[in-house]
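This is input29.cif (mmCIF, C-alpha atoms).
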```
data_coords
#
loop_
_atom_site.group_PDB
_atom_site.id
_atom_site.type_symbol
_atom_site.label_atom_id
_atom_site.label_comp_id
_atom_site.auth_asym_id
_atom_site.auth_seq_id
_atom_site.Cartn_x
_atom_site.Cartn_y
_atom_site.Cartn_z
ATOM 1 C CA MET R 1 26.966 6.464 -6.090
ATOM 2 C CA SER R 2 24.525 8.902 -7.629
ATOM 3 C CA LYS R 3 23.900 12.182 -5.772
ATOM 4 C CA ALA R 4 20.545 12.732 -7.433
ATOM 5 C CA LYS R 5 17.373 13.003 -5.425
ATOM 6 C CA THR R 6 15.457 9.854 -4.606
ATOM 7 C CA ILE R 7 11.731 9.197 -4.592
ATOM 8 C CA CYS R 8 9.994 6.191 -3.090
ATOM 9 C CA PHE R 9 6.806 4.673 -4.477
ATOM 10 C CA ALA R 10 4.560 2.208 -2.675
ATOM 11 C CA LEU R 11 2.337 0.346 -5.130
ATOM 12 C CA MET R 12 -0.593 -1.860 -4.164
ATOM 13 C CA ASP R 13 -2.799 -2.637 -7.171
ATOM 14 C CA PRO R 14 -2.406 -5.866 -9.157
ATOM 15 C CA PRO R 15 -1.646 -5.641 -12.888
ATOM 16 C CA PHE R 16 -4.423 -5.270 -15.455
ATOM 17 C CA GLU R 17 -6.892 -3.932 -12.852
ATOM 18 C CA ALA R 18 -6.411 -0.224 -12.287
ATOM 19 C CA SER R 19 -5.225 2.787 -14.238
ATOM 20 C CA ARG R 20 -3.461 3.974 -11.094
ATOM 21 C CA THR R 21 -0.744 1.413 -11.765
ATOM 22 C CA THR R 22 -0.121 2.612 -15.304
ATOM 23 C CA THR R 23 -0.001 6.189 -14.034
ATOM 24 C CA ALA R 24 2.423 5.215 -11.274
ATOM 25 C CA LEU R 25 4.717 3.420 -13.722
ATOM 26 C CA ARG R 26 4.617 6.478 -16.007
ATOM 27 C CA ALA R 27 5.528 8.669 -13.019
ATOM 28 C CA ILE R 28 8.440 6.342 -12.202
ATOM 29 C CA ASP R 29 9.564 6.493 -15.831
ATOM 30 C CA ALA R 30 9.357 10.299 -15.763
ATOM 31 C CA ALA R 31 11.331 10.450 -12.523
ATOM 32 C CA LEU R 32 14.128 8.350 -14.006
ATOM 33 C CA ARG R 33 14.212 10.488 -17.148
ATOM 34 C CA LEU R 34 14.565 13.549 -14.897
ATOM 35 C CA GLY R 35 17.578 11.948 -13.231
ATOM 36 C CA VAL R 36 15.839 10.935 -9.996
ATOM 37 C CA ASN R 37 16.705 7.683 -8.228
ATOM 38 C CA VAL R 38 13.671 5.500 -7.549
ATOM 39 C CA ASN R 39 12.752 3.067 -4.804
ATOM 40 C CA VAL R 40 9.648 0.916 -5.183
ATOM 41 C CA PHE R 41 7.937 -1.188 -2.550
ATOM 42 C CA ALA R 42 5.333 -3.503 -4.091
ATOM 43 C CA TYR R 43 2.665 -4.501 -1.600
ATOM 44 C CA GLU R 44 -0.229 -6.936 -1.969
ATOM 45 C CA GLY R 45 -1.350 -7.383 -5.606
ATOM 46 C CA ALA R 46 1.417 -5.153 -6.916
ATOM 47 C CA VAL R 47 3.915 -7.978 -6.389
ATOM 48 C CA MET R 48 2.422 -9.489 -9.548
ATOM 49 C CA LEU R 49 3.578 -6.545 -11.661
ATOM 50 C CA PRO R 50 7.008 -8.094 -12.355
ATOM 51 C CA PHE R 51 5.705 -11.687 -12.491
ATOM 52 C CA ARG R 52 7.787 -13.503 -15.082
ATOM 53 C CA HIS R 53 4.989 -15.607 -16.595
ATOM 54 C CA GLN R 54 2.718 -12.826 -17.838
ATOM 55 C CA GLN R 55 1.944 -13.556 -21.478
ATOM 56 C CA PRO R 56 0.498 -11.479 -24.312
ATOM 57 C CA HIS R 57 -2.585 -12.715 -26.113
ATOM 58 C CA SER R 58 -4.441 -12.219 -29.347
ATOM 59 C CA ASN R 59 -7.651 -10.192 -29.410
ATOM 60 C CA PRO R 60 -10.382 -11.526 -31.714
ATOM 61 C CA VAL R 61 -12.606 -8.518 -30.976
ATOM 62 C CA HIS R 62 -9.856 -6.249 -32.257
ATOM 63 C CA GLY R 63 -9.269 -8.645 -35.136
ATOM 64 C CA ARG R 64 -5.581 -8.906 -34.306
ATOM 65 C CA ASP R 65 -3.323 -11.872 -33.606
ATOM 66 C CA THR R 66 -0.892 -11.898 -30.688
ATOM 67 C CA GLN R 67 1.882 -10.165 -32.578
ATOM 68 C CA GLU R 68 -0.366 -7.499 -34.063
ATOM 69 C CA GLU R 69 -2.139 -6.855 -30.757
ATOM 70 C CA ASP R 70 1.216 -6.199 -29.056
ATOM 71 C CA HIS R 71 -0.433 -6.437 -25.644
ATOM 72 C CA PRO R 72 1.469 -4.446 -23.000
ATOM 73 C CA LEU R 73 2.789 -6.475 -20.085
ATOM 74 C CA PRO R 74 3.672 -4.808 -16.768
ATOM 75 C CA ARG R 75 6.691 -7.102 -16.391
ATOM 76 C CA GLU R 76 8.091 -5.604 -19.584
ATOM 77 C CA TRP R 77 7.437 -2.086 -18.304
ATOM 78 C CA VAL R 78 9.209 -2.908 -15.037
ATOM 79 C CA ALA R 79 12.129 -4.438 -16.945
ATOM 80 C CA GLY R 80 12.262 -1.275 -19.036
ATOM 81 C CA LEU R 81 12.415 0.877 -15.908
ATOM 82 C CA ILE R 82 15.302 -1.203 -14.577
ATOM 83 C CA ARG R 83 17.059 -0.817 -17.923
ATOM 84 C CA THR R 84 16.425 2.938 -18.060
ATOM 85 C CA ALA R 85 17.856 3.428 -14.573
ATOM 86 C CA SER R 86 20.921 1.378 -15.433
ATOM 87 C CA GLU R 87 21.562 3.270 -18.666
ATOM 88 C CA ARG R 88 21.401 6.577 -16.781
ATOM 89 C CA GLY R 89 23.504 5.460 -13.823
ATOM 90 C CA LEU R 90 20.610 5.871 -11.406
ATOM 91 C CA ASN R 91 19.697 3.751 -8.430
ATOM 92 C CA PHE R 92 16.545 1.706 -8.888
ATOM 93 C CA GLU R 93 15.454 -0.704 -6.196
ATOM 94 C CA TRP R 94 12.207 -2.683 -6.481
ATOM 95 C CA VAL R 95 11.305 -4.742 -3.422
ATOM 96 C CA ASN R 96 8.385 -7.162 -3.442
ATOM 97 C CA CYS R 97 6.731 -7.826 -0.077
ATOM 98 C CA GLY R 98 7.689 -11.452 0.551
ATOM 99 C CA MET R 99 4.525 -12.461 2.391
ATOM 100 C CA CYS R 100 2.444 -10.945 -0.411
ATOM 101 C CA VAL R 101 4.505 -12.942 -2.893
ATOM 102 C CA ASP R 102 3.943 -16.178 -1.014
ATOM 103 C CA GLU R 103 0.167 -15.852 -0.772
ATOM 104 C CA ARG R 104 -0.030 -15.225 -4.510
ATOM 105 C CA GLY R 105 2.588 -17.706 -5.688
ATOM 106 C CA ALA R 106 4.367 -14.795 -7.314
ATOM 107 C CA GLY R 107 7.904 -15.867 -6.523
ATOM 108 C CA ASP R 108 9.074 -16.163 -10.103
ATOM 109 C CA ALA R 109 9.729 -12.520 -10.886
ATOM 110 C CA ILE R 110 11.860 -11.007 -13.629
ATOM 111 C CA ASP R 111 15.550 -10.411 -12.985
ATOM 112 C CA GLY R 112 16.368 -7.462 -10.755
ATOM 113 C CA ILE R 113 13.413 -7.772 -8.378
ATOM 114 C CA LEU R 114 14.208 -8.170 -4.694
ATOM 115 C CA ARG R 115 12.192 -10.033 -2.101
ATOM 116 C CA GLY R 116 11.763 -8.192 1.171
ATOM 117 C CA ALA R 117 9.699 -7.584 4.272
ATOM 118 C CA PRO R 118 7.370 -4.762 5.360
ATOM 119 C CA ALA R 119 10.276 -3.092 7.151
ATOM 120 C CA ASP R 120 11.868 -2.541 3.735
ATOM 121 C CA LEU R 121 9.223 0.090 3.012
ATOM 122 C CA TRP R 122 10.477 2.054 5.988
ATOM 123 C CA ARG R 123 14.079 1.556 4.876
ATOM 124 C CA LEU R 124 13.336 2.677 1.324
ATOM 125 C CA ALA R 125 11.235 5.645 2.464
ATOM 126 C CA SER R 126 13.857 6.743 4.971
ATOM 127 C CA ALA R 127 16.475 6.688 2.217
ATOM 128 C CA SER R 128 14.287 8.819 -0.083
ATOM 129 C CA ASP R 129 13.493 12.517 -0.256
ATOM 130 C CA ASN R 130 9.779 11.806 -0.401
ATOM 131 C CA THR R 131 7.292 8.971 -0.770
ATOM 132 C CA LEU R 132 4.222 8.559 -2.955
ATOM 133 C CA ILE R 133 1.638 6.002 -1.873
ATOM 134 C CA VAL R 134 -0.463 4.508 -4.679
ATOM 135 C CA PRO R 135 -3.048 2.393 -2.863
ATOM 136 C CA THR R 136 -5.828 0.119 -3.997
ATOM 137 C CA ALA R 137 -9.134 1.993 -3.766
ATOM 138 C CA MET S 1 10.864 11.502 10.263
ATOM 139 C CA LYS S 2 7.372 11.902 11.717
ATOM 140 C CA MET S 3 4.770 10.216 9.554
ATOM 141 C CA LEU S 4 0.994 10.135 9.408
ATOM 142 C CA THR S 5 -0.653 7.087 7.882
ATOM 143 C CA ILE S 6 -4.143 7.717 6.553
ATOM 144 C CA VAL S 7 -6.385 4.705 6.005
ATOM 145 C CA SER S 8 -9.337 5.762 3.899
ATOM 146 C CA SER S 9 -10.519 2.439 2.516
ATOM 147 C CA GLY S 10 -12.199 0.596 5.342
ATOM 148 C CA TYR S 11 -12.480 -3.183 5.429
ATOM 149 C CA ARG S 12 -10.362 -3.599 2.298
ATOM 150 C CA ALA S 13 -9.813 -7.354 1.780
ATOM 151 C CA THR S 14 -10.055 -7.907 5.512
ATOM 152 C CA ILE S 15 -11.600 -11.363 5.233
ATOM 153 C CA GLU S 16 -8.934 -12.750 2.906
ATOM 154 C CA GLU S 17 -6.112 -11.083 4.799
ATOM 155 C CA GLN S 18 -7.513 -11.629 8.321
ATOM 156 C CA ASP S 19 -6.682 -8.018 9.160
ATOM 157 C CA ASP S 20 -6.527 -4.572 7.617
ATOM 158 C CA THR S 21 -3.316 -4.764 5.636
ATOM 159 C CA ILE S 22 -2.446 -1.088 6.093
ATOM 160 C CA VAL S 23 -3.028 -1.100 9.842
ATOM 161 C CA TRP S 24 -0.900 -4.245 9.915
ATOM 162 C CA LEU S 25 1.800 -2.735 7.710
ATOM 163 C CA THR S 26 1.902 0.438 9.784
ATOM 164 C CA HIS S 27 2.324 -1.644 12.901
ATOM 165 C CA CYS S 28 5.255 -3.434 11.223
ATOM 166 C CA LEU S 29 6.823 -0.124 10.225
ATOM 167 C CA ARG S 30 6.567 1.206 13.740
ATOM 168 C CA ASN S 31 8.252 -1.945 15.020
ATOM 169 C CA ALA S 32 10.993 -1.225 12.469
ATOM 170 C CA GLY S 33 11.507 2.239 13.925
ATOM 171 C CA ALA S 34 8.958 4.437 12.181
ATOM 172 C CA ASP S 35 7.466 7.299 14.184
ATOM 173 C CA THR S 36 3.916 7.209 12.920
ATOM 174 C CA ASP S 37 0.367 8.095 13.883
ATOM 175 C CA MET S 38 -2.792 6.971 12.127
ATOM 176 C CA LEU S 39 -5.880 8.749 10.818
ATOM 177 C CA LEU S 40 -8.864 6.533 9.984
ATOM 178 C CA LEU S 41 -11.151 8.055 7.354
ATOM 179 C CA GLY S 42 -14.496 7.084 5.859
ATOM 180 C CA ALA S 43 -15.596 3.532 6.621
ATOM 181 C CA ALA S 44 -12.344 2.953 8.492
ATOM 182 C CA ALA S 45 -13.704 5.267 11.198
ATOM 183 C CA ASN S 46 -15.597 2.196 12.361
ATOM 184 C CA TYR S 47 -12.380 0.325 13.197
ATOM 185 C CA PRO S 48 -12.060 1.643 16.782
ATOM 186 C CA VAL S 49 -15.689 0.831 17.618
ATOM 187 C CA SER S 50 -15.981 -1.792 20.316
ATOM 188 C CA GLY S 51 -18.236 -4.816 20.175
ATOM 189 C CA GLN S 52 -17.591 -5.854 16.575
ATOM 190 C CA SER S 53 -17.737 -9.521 15.706
ATOM 191 C CA ILE S 54 -17.575 -11.419 12.451
ATOM 192 C CA ILE S 55 -19.097 -14.823 11.892
ATOM 193 C CA PRO S 56 -16.464 -17.046 10.244
ATOM 194 C CA VAL S 57 -16.889 -17.091 6.468
ATOM 195 C CA CYS S 58 -17.507 -20.493 4.892
ATOM 196 C CA ILE S 59 -17.041 -20.837 1.125
ATOM 197 C CA GLY S 60 -17.154 -24.190 -0.618
ATOM 198 C CA GLY S 61 -17.039 -25.916 2.738
ATOM 199 C CA ARG S 62 -13.790 -24.196 3.692
ATOM 200 C CA GLU S 63 -14.366 -22.287 6.918
ATOM 201 C CA GLN S 64 -12.189 -19.298 7.727
ATOM 202 C CA ARG S 65 -11.603 -19.849 11.417
ATOM 203 C CA HIS S 66 -9.657 -16.673 12.239
ATOM 204 C CA SER S 67 -11.820 -13.667 11.509
ATOM 205 C CA PRO S 68 -10.209 -10.251 11.319
ATOM 206 C CA GLU S 69 -10.132 -8.406 14.645
ATOM 207 C CA ILE S 70 -9.381 -4.925 13.436
ATOM 208 C CA HIS S 71 -10.595 -3.323 16.621
ATOM 209 C CA SER S 72 -7.900 -5.259 18.486
ATOM 210 C CA GLN S 73 -5.353 -4.326 15.812
ATOM 211 C CA VAL S 74 -6.069 -0.642 16.311
ATOM 212 C CA ALA S 75 -6.080 -1.030 20.081
ATOM 213 C CA ALA S 76 -2.656 -2.685 19.981
ATOM 214 C CA PHE S 77 -1.326 0.094 17.769
ATOM 215 C CA ALA S 78 -2.704 2.807 20.052
ATOM 216 C CA SER S 79 -1.414 1.147 23.208
ATOM 217 C CA ASN S 80 2.199 1.841 22.327
ATOM 218 C CA GLY S 81 1.967 5.601 22.260
ATOM 219 C CA SER S 82 0.997 6.193 18.640
ATOM 220 C CA LYS S 83 -1.965 8.483 18.124
ATOM 221 C CA VAL S 84 -5.087 7.143 16.391
ATOM 222 C CA MET S 85 -7.531 9.722 15.056
ATOM 223 C CA VAL S 86 -10.911 9.779 13.362
ATOM 224 C CA LEU S 87 -12.912 12.640 11.873
ATOM 225 C CA SER S 88 -16.023 13.855 13.654
ATOM 226 C CA ASN S 89 -17.839 14.097 10.309
ATOM 227 C CA ASP S 90 -17.215 10.420 9.594
ATOM 228 C CA LEU S 91 -18.657 9.460 12.972
ATOM 229 C CA GLU S 92 -21.735 11.625 12.452
ATOM 230 C CA ASP S 93 -22.316 10.349 8.905
ATOM 231 C CA ARG S 94 -22.372 6.789 10.233
ATOM 232 C CA SER S 95 -24.183 7.489 13.520
ATOM 233 C CA ILE S 96 -21.224 6.112 15.433
ATOM 234 C CA ASP S 97 -21.536 6.822 19.133
ATOM 235 C CA ARG S 98 -18.242 8.269 20.401
ATOM 236 C CA ARG S 99 -18.684 6.394 23.663
ATOM 237 C CA ARG S 100 -18.136 3.139 21.752
ATOM 238 C CA LEU S 101 -14.709 4.204 20.506
ATOM 239 C CA LEU S 102 -11.463 3.027 21.990
ATOM 240 C CA GLN S 103 -10.500 5.343 24.813
ATOM 241 C CA GLN S 104 -7.210 6.304 23.119
ATOM 242 C CA VAL S 105 -8.872 7.531 19.926
ATOM 243 C CA VAL S 106 -8.758 11.273 19.283
ATOM 244 C CA VAL S 107 -11.687 12.825 17.383
ATOM 245 C CA VAL S 108 -10.686 15.723 15.149
ATOM 246 C CA ASP S 109 -12.702 18.071 12.963
ATOM 247 C CA SER S 110 -12.048 18.324 9.256
ATOM 248 C CA SER S 111 -11.271 22.025 9.754
ATOM 249 C CA ASP S 112 -8.295 20.923 11.874
ATOM 250 C CA LEU S 113 -6.790 18.847 9.065
ATOM 251 C CA PRO S 114 -4.526 21.492 7.480
ATOM 252 C CA GLU S 115 -2.784 22.175 10.784
ATOM 253 C CA LEU S 116 -2.739 18.499 11.668
ATOM 254 C CA LEU S 117 -1.214 17.369 8.358
ATOM 255 C CA SER S 118 1.414 20.095 8.417
ATOM 256 C CA ALA S 119 2.731 18.710 11.691
ATOM 257 C CA TYR S 120 4.088 15.637 9.896
ATOM 258 C CA ASP S 121 7.131 15.257 7.652
ATOM 259 C CA GLN S 122 5.319 12.782 5.434
ATOM 260 C CA VAL S 123 1.665 11.854 4.993
ATOM 261 C CA TRP S 124 0.963 8.440 3.491
ATOM 262 C CA HIS S 125 -2.583 8.197 2.196
ATOM 263 C CA TRP S 126 -3.615 4.589 1.617
#
```
Structure rendered as structure tokens:
Amino acid sequence: MSKAKTICFALMDPPFEASRTTTALRAIDAALRLGVNVNVFAYEGAVMLPFRHQQPHSNPVHGRDTQEEDHPLPREWVAGLIRTASERGLNFEWVNCGMCVDERGAGDAIDGILRGAPADLWRLASASDNTLIVPTA
Amino acid sequence: MKMLTIVSSGYRATIEEQDDTIVWLTHCLRNAGADTDMLLLGAAANYPVSGQSIIPVCIGGREQRHSPEIHSQVAAFASNGSKVMVLSNDLEDRSIDRRRLLQQVVVVDSSDLPELLSAYDQVWHW
């Protein structure tokens, strides 16, 4: 069990909609690289961040095909965070709000994502040194 | 851990969700053991105002029968001992008559915020 500090994030925005999400994922990445354990509670649209069926696309305006465009997918970022935590021996727990998942049909998430309930936010926050809320505006 | 939940985005997706999702979530957390109060900022200062009603939304012939009753949500939250606060400035900006607020609501001035916020272990700003 790691003795490093732990930070909890609550995310709310859906993917591809707000720069807050990218900033939050960068903050999570930075925390892991500083040796901090991370808990994430994904609420509302944020449960789509690790959705398995996100697909890259070409961009005719950019004049690039799918491979050249190399469109970033949040599910790949989340998978990378899980991988980074594992490589560094850190705890990383990502819990999707189950009711939010159901109303969005977001049940098919990438490996490593847990389904939970609102009370999990309290559990994760209580087990952390501090919590950062990243809400939808 | 004493926590303050700040809701600063009023009426966010309340039709689709049939409630304010943060007021709802905070209620859930308190039921799970969280010791939390609530500060309603901006448009959310209207939540504790009595006499609100919403005509059911009908889109494409599909009528939404259960309209959000956020006033009742806040009342239920306040009835169990948690403090619900609004800012006097937000009431004045919106010409909200204090006499229409839920009796349990505490009106605070923005100048009181530093002392108020420092009384909590964590402040969650949604």
Contact check, chain R to chain S, at most 9 Å, counting all atoms listed in the file, closest pairs as JSON lines:
```
{"residue": "R:Glu44", "atom": "CA", "partner": "S:Thr21", "partner_atom": "CA", "distance": 8.5}
{"residue": "R:Pro118", "atom": "CA", "partner": "S:Cys28", "partner_atom": "CA", "distance": 6.4}
{"residue": "R:Ala119", "atom": "CA", "partner": "S:Leu29", "partner_atom": "CA", "distance": 5.5}
{"residue": "R:Asp120", "atom": "CA", "partner": "S:Leu29", "partner_atom": "CA", "distance": 8.6}
{"residue": "R:Leu121", "atom": "CA", "partner": "S:Leu29", "partner_atom": "CA", "distance": 7.6}
{"residue": "R:Trp122", "atom": "CA", "partner": "S:Leu29", "partner_atom": "CA", "distance": 6.0}
{"residue": "R:Arg123", "atom": "CA", "partner": "S:Ala32", "partner_atom": "CA", "distance": 8.7}
{"residue": "R:Ser126", "atom": "CA", "partner": "S:Met1", "partner_atom": "CA", "distance": 7.7}
{"residue": "R:Asn130", "atom": "CA", "partner": "S:Gln122", "partner_atom": "CA", "distance": 7.4}
{"residue": "R:Thr131", "atom": "CA", "partner": "S:Gln122", "partner_atom": "CA", "distance": 7.5}
{"residue": "R:Leu132", "atom": "CA", "partner": "S:Trp124", "partner_atom": "CA", "distance": 7.2}
{"residue": "R:Ile133", "atom": "CA", "partner": "S:Trp124", "partner_atom": "CA", "distance": 5.9}
{"residue": "R:Val134", "atom": "CA", "partner": "S:Trp126", "partner_atom": "CA", "distance": 7.0}
{"residue": "R:Pro135", "atom": "CA", "partner": "S:Trp126", "partner_atom": "CA", "distance": 5.0}
{"residue": "R:Thr136", "atom": "CA", "partner": "S:Trp126", "partner_atom": "CA", "distance": 7.5}
{"residue": "R:Ala137", "atom": "CA", "partner": "S:Ser9", "partner_atom": "CA", "distance": 6.4}
```
What would the list of residues within 10 Å of (11.6, 7.4, -3.6) (file frame) look like as a PDB file with C-alpha atoms, in the coordinates of the input, if all atoms listed in the file are what count?
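New file part32.pdb:
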```pdb
ATOM      1  CA  LYS R   5      17.373  13.003  -5.425  1.00  0.00           C
ATOM      2  CA  THR R   6      15.457   9.854  -4.606  1.00  0.00           C
ATOM      3  CA  ILE R   7      11.731   9.197  -4.592  1.00  0.00           C
ATOM      4  CA  CYS R   8       9.994   6.191  -3.090  1.00  0.00           C
ATOM      5  CA  PHE R   9       6.806   4.673  -4.477  1.00  0.00           C
ATOM      6  CA  ALA R  10       4.560   2.208  -2.675  1.00  0.00           C
ATOM      7  CA  ILE R  28       8.440   6.342 -12.202  1.00  0.00           C
ATOM      8  CA  ALA R  31      11.331  10.450 -12.523  1.00  0.00           C
ATOM      9  CA  VAL R  36      15.839  10.935  -9.996  1.00  0.00           C
ATOM     10  CA  ASN R  37      16.705   7.683  -8.228  1.00  0.00           C
ATOM     11  CA  VAL R  38      13.671   5.500  -7.549  1.00  0.00           C
ATOM     12  CA  ASN R  39      12.752   3.067  -4.804  1.00  0.00           C
ATOM     13  CA  VAL R  40       9.648   0.916  -5.183  1.00  0.00           C
ATOM     14  CA  PHE R  41       7.937  -1.188  -2.550  1.00  0.00           C
ATOM     15  CA  PHE R  92      16.545   1.706  -8.888  1.00  0.00           C
ATOM     16  CA  GLU R  93      15.454  -0.704  -6.196  1.00  0.00           C
ATOM     17  CA  LEU R 124      13.336   2.677   1.324  1.00  0.00           C
ATOM     18  CA  ALA R 125      11.235   5.645   2.464  1.00  0.00           C
ATOM     19  CA  SER R 126      13.857   6.743   4.971  1.00  0.00           C
ATOM     20  CA  ALA R 127      16.475   6.688   2.217  1.00  0.00           C
ATOM     21  CA  SER R 128      14.287   8.819  -0.083  1.00  0.00           C
ATOM     22  CA  ASP R 129      13.493  12.517  -0.256  1.00  0.00           C
ATOM     23  CA  ASN R 130       9.779  11.806  -0.401  1.00  0.00           C
ATOM     24  CA  THR R 131       7.292   8.971  -0.770  1.00  0.00           C
ATOM     25  CA  LEU R 132       4.222   8.559  -2.955  1.00  0.00           C
TER      26      LEU R 132
END
```
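Computed from the coordinates, the CA of Arg26 in chain R to CA of His53 in chain R distance equals 22.1 Å.
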Reference answer for the PyMOL selection byres ((chain S and resi 83-88) around 9), as a PyMOL selection string | chain S and resi 36-42+44-46+48+74+77-82+89-93+104-110
Figure out the distance between CA of Cys100 in chain R and CA of Leu102 in chain S, please, to one decimal in Å.
->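 CA of Cys100 in chain R lies 29.8 Å from CA of Leu102 in chain S.
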Return as JSON, numbers by chain the set of residues that the PyMOL selection byres ((chain R and resi 98) around 8) yields on the displayed structure.
-> {"R": [96, 97, 99, 100, 101, 102, 115, 116, 117]}
Residues picked by the PyMOL selection byres ((chain S and resi 59-70) around 9) here, as JSON, numbers by chain?
-> {"S": [11, 14, 15, 16, 17, 18, 19, 20, 23, 47, 48, 52, 53, 54, 55, 56, 57, 58, 71, 72, 73, 74, 75]}
For CA of Ala79 in chain R and CA of Asp29 in chain R, quote the distance in Å rounded to one decimal.
->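 So the answer is 11.3 Å.
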Given 6 Å on each side, where is the centre and what are the edge lengths in Å to one decimal of the axis-aligned box enclosing the listed atoms of range 6-20 of chain S, as AutoDock Vina command-line options?
```
--center_x -8.3 --center_y -2.5 --center_z 5.5 --size_x 20.3 --size_y 32.5 --size_z 19.4
```
Could you model N, CA and C atoms for range 97-109 of chain S and present them as a PDB file, in the frame of the given file?
```pdb
ATOM      1  N   ASP S  97     -21.549   6.217  17.797  1.00  0.00           N
ATOM      2  CA  ASP S  97     -21.536   6.822  19.133  1.00  0.00           C
ATOM      3  C   ASP S  97     -20.088   6.903  19.622  1.00  0.00           C
ATOM      4  N   ARG S  98     -19.631   8.093  19.952  1.00  0.00           N
ATOM      5  CA  ARG S  98     -18.242   8.269  20.401  1.00  0.00           C
ATOM      6  C   ARG S  98     -17.923   7.448  21.649  1.00  0.00           C
ATOM      7  N   ARG S  99     -18.943   7.157  22.426  1.00  0.00           N
ATOM      8  CA  ARG S  99     -18.684   6.394  23.663  1.00  0.00           C
ATOM      9  C   ARG S  99     -18.291   4.964  23.358  1.00  0.00           C
ATOM     10  N   ARG S 100     -18.512   4.515  22.112  1.00  0.00           N
ATOM     11  CA  ARG S 100     -18.136   3.139  21.752  1.00  0.00           C
ATOM     12  C   ARG S 100     -16.725   3.060  21.176  1.00  0.00           C
ATOM     13  N   LEU S 101     -16.069   4.202  21.060  1.00  0.00           N
ATOM     14  CA  LEU S 101     -14.709   4.204  20.506  1.00  0.00           C
ATOM     15  C   LEU S 101     -13.697   3.787  21.559  1.00  0.00           C
ATOM     16  N   LEU S 102     -12.594   3.270  21.101  1.00  0.00           N
ATOM     17  CA  LEU S 102     -11.463   3.027  21.990  1.00  0.00           C
ATOM     18  C   LEU S 102     -11.133   4.317  22.736  1.00  0.00           C
ATOM     19  N   GLN S 103     -10.764   4.174  23.985  1.00  0.00           N
ATOM     20  CA  GLN S 103     -10.500   5.343  24.813  1.00  0.00           C
ATOM     21  C   GLN S 103      -9.362   6.200  24.248  1.00  0.00           C
ATOM     22  N   GLN S 104      -8.384   5.557  23.596  1.00  0.00           N
ATOM     23  CA  GLN S 104      -7.210   6.304  23.119  1.00  0.00           C
ATOM     24  C   GLN S 104      -7.482   7.106  21.849  1.00  0.00           C
ATOM     25  N   VAL S 105      -8.616   6.878  21.222  1.00  0.00           N
ATOM     26  CA  VAL S 105      -8.872   7.531  19.926  1.00  0.00           C
ATOM     27  C   VAL S 105      -9.166   9.012  20.112  1.00  0.00           C
ATOM     28  N   VAL S 106      -8.559   9.825  19.256  1.00  0.00           N
ATOM     29  CA  VAL S 106      -8.758  11.273  19.283  1.00  0.00           C
ATOM     30  C   VAL S 106      -9.678  11.642  18.120  1.00  0.00           C
ATOM     31  N   VAL S 107     -10.745  12.367  18.420  1.00  0.00           N
ATOM     32  CA  VAL S 107     -11.687  12.825  17.383  1.00  0.00           C
ATOM     33  C   VAL S 107     -11.280  14.233  16.970  1.00  0.00           C
ATOM     34  N   VAL S 108     -11.085  14.409  15.660  1.00  0.00           N
ATOM     35  CA  VAL S 108     -10.686  15.723  15.149  1.00  0.00           C
ATOM     36  C   VAL S 108     -11.722  16.194  14.131  1.00  0.00           C
ATOM     37  N   ASP S 109     -11.800  17.495  13.961  1.00  0.00           N
ATOM     38  CA  ASP S 109     -12.702  18.071  12.963  1.00  0.00           C
ATOM     39  C   ASP S 109     -11.960  18.240  11.645  1.00  0.00           C
TER      40      ASP S 109
END
```
